[in-house]
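Below is one structure; the comments refer to it alone.
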Amino acid sequence: METGKLVVGKVGGKSTVTRCFSQYPLKFIVPTKAGRSDIDAVWIYTLTYGGGIVSGDCILFDVTIEDGCTAVLTTQASTKVYKLVALKCSEQIMEARVGSDALLVVIPDPVTCFSTARYSQKQLFTVVPGSSLLVVDWITSGRHESGEKWDFTLYKSTNHIYVEDKPLFLDTVLLENGNVTSIAERMHDYQVIAMVIILGPKLKNLQNQVQEDVKKMMSGQLHVPSSGGRTKAKNGDGYTKPSLIASCNSFGPKGVGVVIRIAATTTESVYRFLHSQLATMEPMLGLCPYQ
């Protein structure tokens, strides 16, 4: 059963939420003022009652961004997935359509799965050739301050992008405890994994900037001097381990989209990366993402 619906359209020449419906366990908040009033963008906060998703919850919502509109979907804190009860998996599904010359920006805080939790999320985006889309999708290892590190049972995140009815980008991240190795063993010292998708004509400059920045950052971090020996490492493997590593790849015809994949040892380093890389979007959105 659908738990939410959002429609953003033009009213008086401004991007406006023209329809907003939500019910337990989902809640939408549309602030009367977010960012500069001269910027044509609407911000919508997605929340869950109690600050988290309970075992067995199913959230299904629909988003439509009409032609020429700009909308931001964000959160006020990490999405917490509570412990498993009766083998039930928590689910969250979003279906979004982005019109011509429209921009949808999905910039949540990370998902945090508590011990034994099972969580599956799916985000399906339908765009047209003139649409622009930015999606951040990320998860932390859990309450690692309390000793919970990758202690959940299942995490599955699917992101599909279609140009009208033709697949453009199909991606799934699956973390599941196995009989041979646990999630924690496979993730080693990394506490966060993240993905950023950048697509469309309005974000072409951002694509170029991020690709160049990631290339420079990683070439500097992973460069080993030809003389003088290896840098002494804290973890004893002969190298200094970067707190954040990232890769950048294009996808689609003529490289129309870019995907950045990130692994980091701290949540704060990913927040800093996202803030610095997305800062140039402030003139489009009225606020700087992850400020």
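Labels for the structure tokens follow display order: chains A, B, ..., residues from 1 in each chain, ligands from 1.
Every protein or nucleic acid residue with an atom no more than 10 Å from Met187 of chain A, counting only C-alpha atoms and leaving out same-chain residues fewer than 4 positions away, appears here: A:Ser141, A:Lys149, A:Trp150, A:Leu175, A:Ser182, A:Ile183, A:Gln191, A:Val192, A:Ile193, A:Ala263.
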Output as CSV one row per residue of segment 86-187 of chain A within 12 Å of segment 13-26 of chain A: the closest atom pair and its distance in Å to one decimal place, counting only C-alpha atoms, sorted by chain and residue number ascending.
```
residue,atom,partner,partner_atom,distance
A:Ser90,CA,A:Pro25,CA,11.3
A:Glu91,CA,A:Pro25,CA,11.3
A:Gln92,CA,A:Leu26,CA,9.9
A:Ile93,CA,A:Leu26,CA,11.5
A:Met94,CA,A:Leu26,CA,11.8
A:Ala102,CA,A:Ser15,CA,9.8
A:Leu103,CA,A:Ser15,CA,10.6
A:Leu104,CA,A:Ser15,CA,11.5
```
Export N, CA and C atoms of the chosen residues as an mmCIF file, in the first residue's frame?
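To be explicit, this is the file written out as part04.cif:
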```cif
data_model
loop_
_atom_site.group_PDB
_atom_site.id
_atom_site.type_symbol
_atom_site.label_atom_id
_atom_site.label_comp_id
_atom_site.auth_asym_id
_atom_site.auth_seq_id
_atom_site.Cartn_x
_atom_site.Cartn_y
_atom_site.Cartn_z
ATOM 1 N N SER A 90 12.760 -4.934 6.691
ATOM 2 C CA SER A 90 12.236 -3.587 6.477
ATOM 3 C C SER A 90 12.488 -3.191 5.022
ATOM 4 N N GLU A 91 11.504 -2.533 4.402
ATOM 5 C CA GLU A 91 11.625 -2.173 2.992
ATOM 6 C C GLU A 91 11.279 -0.705 2.776
ATOM 7 N N GLN A 92 11.974 -0.101 1.820
ATOM 8 C CA GLN A 92 11.644 1.259 1.402
ATOM 9 C C GLN A 92 11.799 1.342 -0.110
ATOM 10 N N ILE A 93 10.742 1.776 -0.785
ATOM 11 C CA ILE A 93 10.735 1.838 -2.246
ATOM 12 C C ILE A 93 10.288 3.236 -2.670
ATOM 13 N N MET A 94 11.072 3.852 -3.524
ATOM 14 C CA MET A 94 10.697 5.151 -4.097
ATOM 15 C C MET A 94 10.669 5.032 -5.619
ATOM 16 N N ALA A 102 13.952 19.511 -15.821
ATOM 17 C CA ALA A 102 13.727 19.435 -14.370
ATOM 18 C C ALA A 102 14.955 18.831 -13.695
ATOM 19 N N LEU A 103 15.085 19.120 -12.394
ATOM 20 C CA LEU A 103 16.203 18.607 -11.600
ATOM 21 C C LEU A 103 15.674 18.020 -10.304
ATOM 22 N N LEU A 104 16.035 16.756 -10.041
ATOM 23 C CA LEU A 104 15.735 16.118 -8.765
ATOM 24 C C LEU A 104 17.057 15.799 -8.071
#
```
Exercise. Identify, with DSSP run on backbone atoms, the residues in segment 6-246 of chain A assigned to helix (DSSP H, G or I), and express the list as a PyMOL selection string.
Key: chain A and resi 49-51+144-146+183-187+201-222
Can I get the selected residues back with C-alpha atoms, as a compact mmCIF listing (two decimals), in the first residue's frame?
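result.txt written:
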```
# COMPACT_ATOMS: atom_id res chain seq x y z
CA TYR A 49 7.99 8.20 12.89
CA GLY A 50 10.19 7.48 15.89
CA GLY A 51 13.30 8.35 13.90
CA HIS A 144 30.35 1.43 15.95
CA GLU A 145 30.86 3.61 19.03
CA SER A 146 28.92 0.90 20.89
CA ILE A 183 30.16 -8.49 6.42
CA ALA A 184 32.61 -7.07 8.97
CA GLU A 185 35.41 -9.34 7.76
CA ARG A 186 34.85 -8.32 4.13
CA MET A 187 34.70 -4.59 4.95
CA PRO A 201 22.56 18.67 -18.77
CA LYS A 202 22.19 20.90 -15.69
CA LEU A 203 24.92 18.95 -13.91
CA LYS A 204 27.46 18.59 -16.72
CA ASN A 205 29.90 21.06 -15.14
CA LEU A 206 29.56 19.24 -11.81
CA GLN A 207 30.31 15.92 -13.52
CA ASN A 208 33.52 17.32 -15.01
CA GLN A 209 34.58 18.93 -11.73
CA VAL A 210 34.00 15.79 -9.64
CA GLN A 211 35.80 13.54 -12.10
CA GLU A 212 38.83 15.81 -12.06
CA ASP A 213 38.80 16.22 -8.27
CA VAL A 214 38.53 12.47 -7.63
CA LYS A 215 41.36 11.79 -10.08
CA LYS A 216 43.63 14.32 -8.36
CA MET A 217 42.68 13.18 -4.86
CA MET A 218 43.31 9.50 -5.50
CA SER A 219 46.51 10.00 -7.49
CA GLY A 220 47.88 12.02 -4.56
CA GLN A 221 46.76 9.53 -1.89
CA LEU A 222 47.86 6.39 -3.66
```
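With only C-alpha atoms taken into account, the protein and nucleic acid residues at most 7 Å from Ala41 of chain A (excluding it and anything under 3 positions from it in its own chain) are Ser15, Thr70, Ala71, Leu285 and Gly286 of chain A.
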With N, CA and C atoms retained, could you export that selection as a PDB file, in the first residue's frame?
```pdb
ATOM      1  N   SER A  15       8.831  26.610  -8.585  1.00  0.00           N
ATOM      2  CA  SER A  15       8.680  25.198  -8.218  1.00  0.00           C
ATOM      3  C   SER A  15       7.958  25.107  -6.876  1.00  0.00           C
ATOM      4  N   THR A  70      12.631  22.255  -9.924  1.00  0.00           N
ATOM      5  CA  THR A  70      13.792  21.785  -9.171  1.00  0.00           C
ATOM      6  C   THR A  70      13.326  21.387  -7.772  1.00  0.00           C
ATOM      7  N   ALA A  71      13.691  20.181  -7.341  1.00  0.00           N
ATOM      8  CA  ALA A  71      13.279  19.683  -6.028  1.00  0.00           C
ATOM      9  C   ALA A  71      14.428  18.943  -5.364  1.00  0.00           C
ATOM     10  N   LEU A 285      20.205  25.398  -5.826  1.00  0.00           N
ATOM     11  CA  LEU A 285      19.344  24.836  -4.777  1.00  0.00           C
ATOM     12  C   LEU A 285      18.995  25.821  -3.677  1.00  0.00           C
ATOM     13  N   GLY A 286      19.750  26.903  -3.563  1.00  0.00           N
ATOM     14  CA  GLY A 286      19.487  27.886  -2.511  1.00  0.00           C
ATOM     15  C   GLY A 286      20.192  27.589  -1.198  1.00  0.00           C
TER      16      GLY A 286
END
```
Quiz prompt | Given only C-alpha atoms as the counted atoms, nearest of A:Ser37, A:Gly200, A:Thr32, A:Asn179 to Asp101 of chain A | solution = A:Gly200
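A straight line drawn from atom CA of Val106 of chain A to atom CA of Pro289 of chain A is 10.0 Å long.
Proximity ranking of A:Asn177, A:Ser243, A:Thr140, A:Ser132 relative to Gly257 of chain A places A:Ser132 first, based on only C-alpha atoms.
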Quiz item: Can you list, as a VMD selection string, every protein, DNA or RNA residue that comes within 6 Å of segment 75-88 of chain A when you count only C-alpha atoms, leaving out same-chain residues fewer than 4 positions away?
Solution: chain A and resid 45 to 46 52 to 56 108 to 117
Exercise. Enumerate, as JSON, numbers by chain, the complete set of residues in segment 38-98 of chain A that a backbone-based DSSP assignment places in strand (DSSP E).
Key: {"A": [42, 43, 44, 45, 46, 47, 48, 52, 53, 58, 59, 60, 61, 62, 63, 64, 65, 70, 71, 72, 73, 74, 79, 80, 81, 90, 91, 92, 93, 94, 95, 96, 97, 98]}
Grab the residues selected above and save them as a JSON list (two decimals), in the first residue's frame with N, CA and C atoms.
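Output file selection35.json is given in full below:
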```
[["chain", "number", "residue", "atom", "x", "y", "z"],
["A", 42, "VAL", "N", 12.55, 23.74, -4.41],
["A", 42, "VAL", "CA", 11.75, 23.38, -3.24],
["A", 42, "VAL", "C", 12.45, 22.22, -2.52],
["A", 43, "TRP", "N", 12.54, 22.34, -1.18],
["A", 43, "TRP", "CA", 13.16, 21.31, -0.35],
["A", 43, "TRP", "C", 12.08, 20.52, 0.37],
["A", 44, "ILE", "N", 12.23, 19.19, 0.38],
["A", 44, "ILE", "CA", 11.29, 18.31, 1.07],
["A", 44, "ILE", "C", 12.10, 17.37, 1.97],
["A", 45, "TYR", "N", 11.68, 17.30, 3.24],
["A", 45, "TYR", "CA", 12.34, 16.40, 4.19],
["A", 45, "TYR", "C", 11.51, 15.14, 4.35],
["A", 46, "THR", "N", 12.15, 13.98, 4.21],
["A", 46, "THR", "CA", 11.47, 12.71, 4.43],
["A", 46, "THR", "C", 11.88, 12.17, 5.80],
["A", 47, "LEU", "N", 10.90, 11.83, 6.61],
["A", 47, "LEU", "CA", 11.14, 11.36, 7.97],
["A", 47, "LEU", "C", 10.38, 10.06, 8.21],
["A", 48, "THR", "N", 10.79, 9.35, 9.24],
["A", 48, "THR", "CA", 10.03, 8.19, 9.69],
["A", 48, "THR", "C", 9.66, 8.42, 11.15],
["A", 52, "GLY", "N", 13.14, 6.13, 12.94],
["A", 52, "GLY", "CA", 13.74, 4.95, 12.35],
["A", 52, "GLY", "C", 12.71, 4.04, 11.72],
["A", 53, "ILE", "N", 13.20, 2.96, 11.13],
["A", 53, "ILE", "CA", 12.35, 1.97, 10.48],
["A", 53, "ILE", "C", 12.36, 0.70, 11.33],
["A", 58, "CYS", "N", 7.10, -1.27, 5.74],
["A", 58, "CYS", "CA", 7.22, -1.17, 4.28],
["A", 58, "CYS", "C", 6.81, 0.25, 3.87],
["A", 59, "ILE", "N", 7.75, 0.98, 3.33],
["A", 59, "ILE", "CA", 7.50, 2.35, 2.89],
["A", 59, "ILE", "C", 7.54, 2.37, 1.37],
["A", 60, "LEU", "N", 6.47, 2.85, 0.76],
["A", 60, "LEU", "CA", 6.38, 2.95, -0.69],
["A", 60, "LEU", "C", 5.85, 4.33, -1.04],
["A", 61, "PHE", "N", 6.66, 5.11, -1.75],
["A", 61, "PHE", "CA", 6.16, 6.44, -2.13],
["A", 61, "PHE", "C", 6.56, 6.81, -3.54],
["A", 62, "ASP", "N", 5.80, 7.76, -4.07],
["A", 62, "ASP", "CA", 5.88, 8.15, -5.48],
["A", 62, "ASP", "C", 6.20, 9.63, -5.56],
["A", 63, "VAL", "N", 7.15, 9.98, -6.43],
["A", 63, "VAL", "CA", 7.57, 11.37, -6.58],
["A", 63, "VAL", "C", 7.49, 11.76, -8.06],
["A", 64, "THR", "N", 6.89, 12.90, -8.35],
["A", 64, "THR", "CA", 6.84, 13.43, -9.71],
["A", 64, "THR", "C", 7.37, 14.85, -9.71],
["A", 65, "ILE", "N", 8.41, 15.11, -10.50],
["A", 65, "ILE", "CA", 8.96, 16.45, -10.68],
["A", 65, "ILE", "C", 8.60, 16.88, -12.10],
["A", 70, "THR", "N", 12.63, 22.25, -9.92],
["A", 70, "THR", "CA", 13.79, 21.78, -9.17],
["A", 70, "THR", "C", 13.33, 21.39, -7.77],
["A", 71, "ALA", "N", 13.69, 20.18, -7.34],
["A", 71, "ALA", "CA", 13.28, 19.68, -6.03],
["A", 71, "ALA", "C", 14.43, 18.94, -5.36],
["A", 72, "VAL", "N", 14.49, 19.07, -4.03],
["A", 72, "VAL", "CA", 15.50, 18.39, -3.23],
["A", 72, "VAL", "C", 14.79, 17.52, -2.21],
["A", 73, "LEU", "N", 15.14, 16.24, -2.18],
["A", 73, "LEU", "CA", 14.66, 15.31, -1.15],
["A", 73, "LEU", "C", 15.82, 15.05, -0.20],
["A", 74, "THR", "N", 15.60, 15.30, 1.08],
["A", 74, "THR", "CA", 16.67, 15.12, 2.04],
["A", 74, "THR", "C", 16.09, 14.61, 3.37],
["A", 79, "THR", "N", 18.92, 7.47, 8.63],
["A", 79, "THR", "CA", 17.78, 6.56, 8.68],
["A", 79, "THR", "C", 18.19, 5.33, 9.46],
["A", 80, "LYS", "N", 17.60, 5.14, 10.62],
["A", 80, "LYS", "CA", 17.97, 4.02, 11.50],
["A", 80, "LYS", "C", 17.04, 2.84, 11.24],
["A", 81, "VAL", "N", 17.65, 1.68, 11.07],
["A", 81, "VAL", "CA", 16.90, 0.44, 10.86],
["A", 81, "VAL", "C", 17.09, -0.42, 12.10],
["A", 90, "SER", "N", 12.76, -4.93, 6.69],
["A", 90, "SER", "CA", 12.24, -3.59, 6.48],
["A", 90, "SER", "C", 12.49, -3.19, 5.02],
["A", 91, "GLU", "N", 11.50, -2.53, 4.40],
["A", 91, "GLU", "CA", 11.62, -2.17, 2.99],
["A", 91, "GLU", "C", 11.28, -0.71, 2.78],
["A", 92, "GLN", "N", 11.97, -0.10, 1.82],
["A", 92, "GLN", "CA", 11.64, 1.26, 1.40],
["A", 92, "GLN", "C", 11.80, 1.34, -0.11],
["A", 93, "ILE", "N", 10.74, 1.78, -0.79],
["A", 93, "ILE", "CA", 10.73, 1.84, -2.25],
["A", 93, "ILE", "C", 10.29, 3.24, -2.67],
["A", 94, "MET", "N", 11.07, 3.85, -3.52],
["A", 94, "MET", "CA", 10.70, 5.15, -4.10],
["A", 94, "MET", "C", 10.67, 5.03, -5.62],
["A", 95, "GLU", "N", 9.59, 5.51, -6.21],
["A", 95, "GLU", "CA", 9.49, 5.60, -7.66],
["A", 95, "GLU", "C", 9.39, 7.08, -8.02],
["A", 96, "ALA", "N", 10.31, 7.55, -8.85],
["A", 96, "ALA", "CA", 10.37, 8.98, -9.16],
["A", 96, "ALA", "C", 10.39, 9.19, -10.67],
["A", 97, "ARG", "N", 9.67, 10.22, -11.11],
["A", 97, "ARG", "CA", 9.68, 10.64, -12.51],
["A", 97, "ARG", "C", 10.15, 12.09, -12.56],
["A", 98, "VAL", "N", 11.08, 12.35, -13.47],
["A", 98, "VAL", "CA", 11.68, 13.68, -13.59],
["A", 98, "VAL", "C", 11.42, 14.18, -15.00]]
```
Quiz item: Which residue out of A:Val128, A:Cys248, A:Leu154, A:Ala194 has the minimum interatomic distance to Glu176 of chain A when only C-alpha atoms are used?
Solution: A:Leu154
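In this comparison, which uses only C-alpha atoms, the residue of A:Val8, A:Cys89, A:Ala34, A:Leu168 approaching Lys254 of chain A most closely is A:Leu168.
Using only C-alpha atoms, the smallest distance between any of A:Pro31, A:Pro129, A:Gly9, A:Pro242 and Ile161 of chain A comes from A:Pro129.
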Quiz item: Using only C-alpha atoms, which residues sit within 9 Å of Thr158 of chain A once same-chain residues fewer than 5 positions away are excluded, as a count of residues only?
Solution: 10
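The residue that comes closest to Leu6 of chain A, out of A:Phe251, A:Phe273, A:Phe28, A:Tyr155 and on the basis of only C-alpha atoms, is A:Phe28.
Rounded to one decimal, atom CA of Pro253 of chain A and atom CA of Val270 of chain A lie 29.1 Å from each other.
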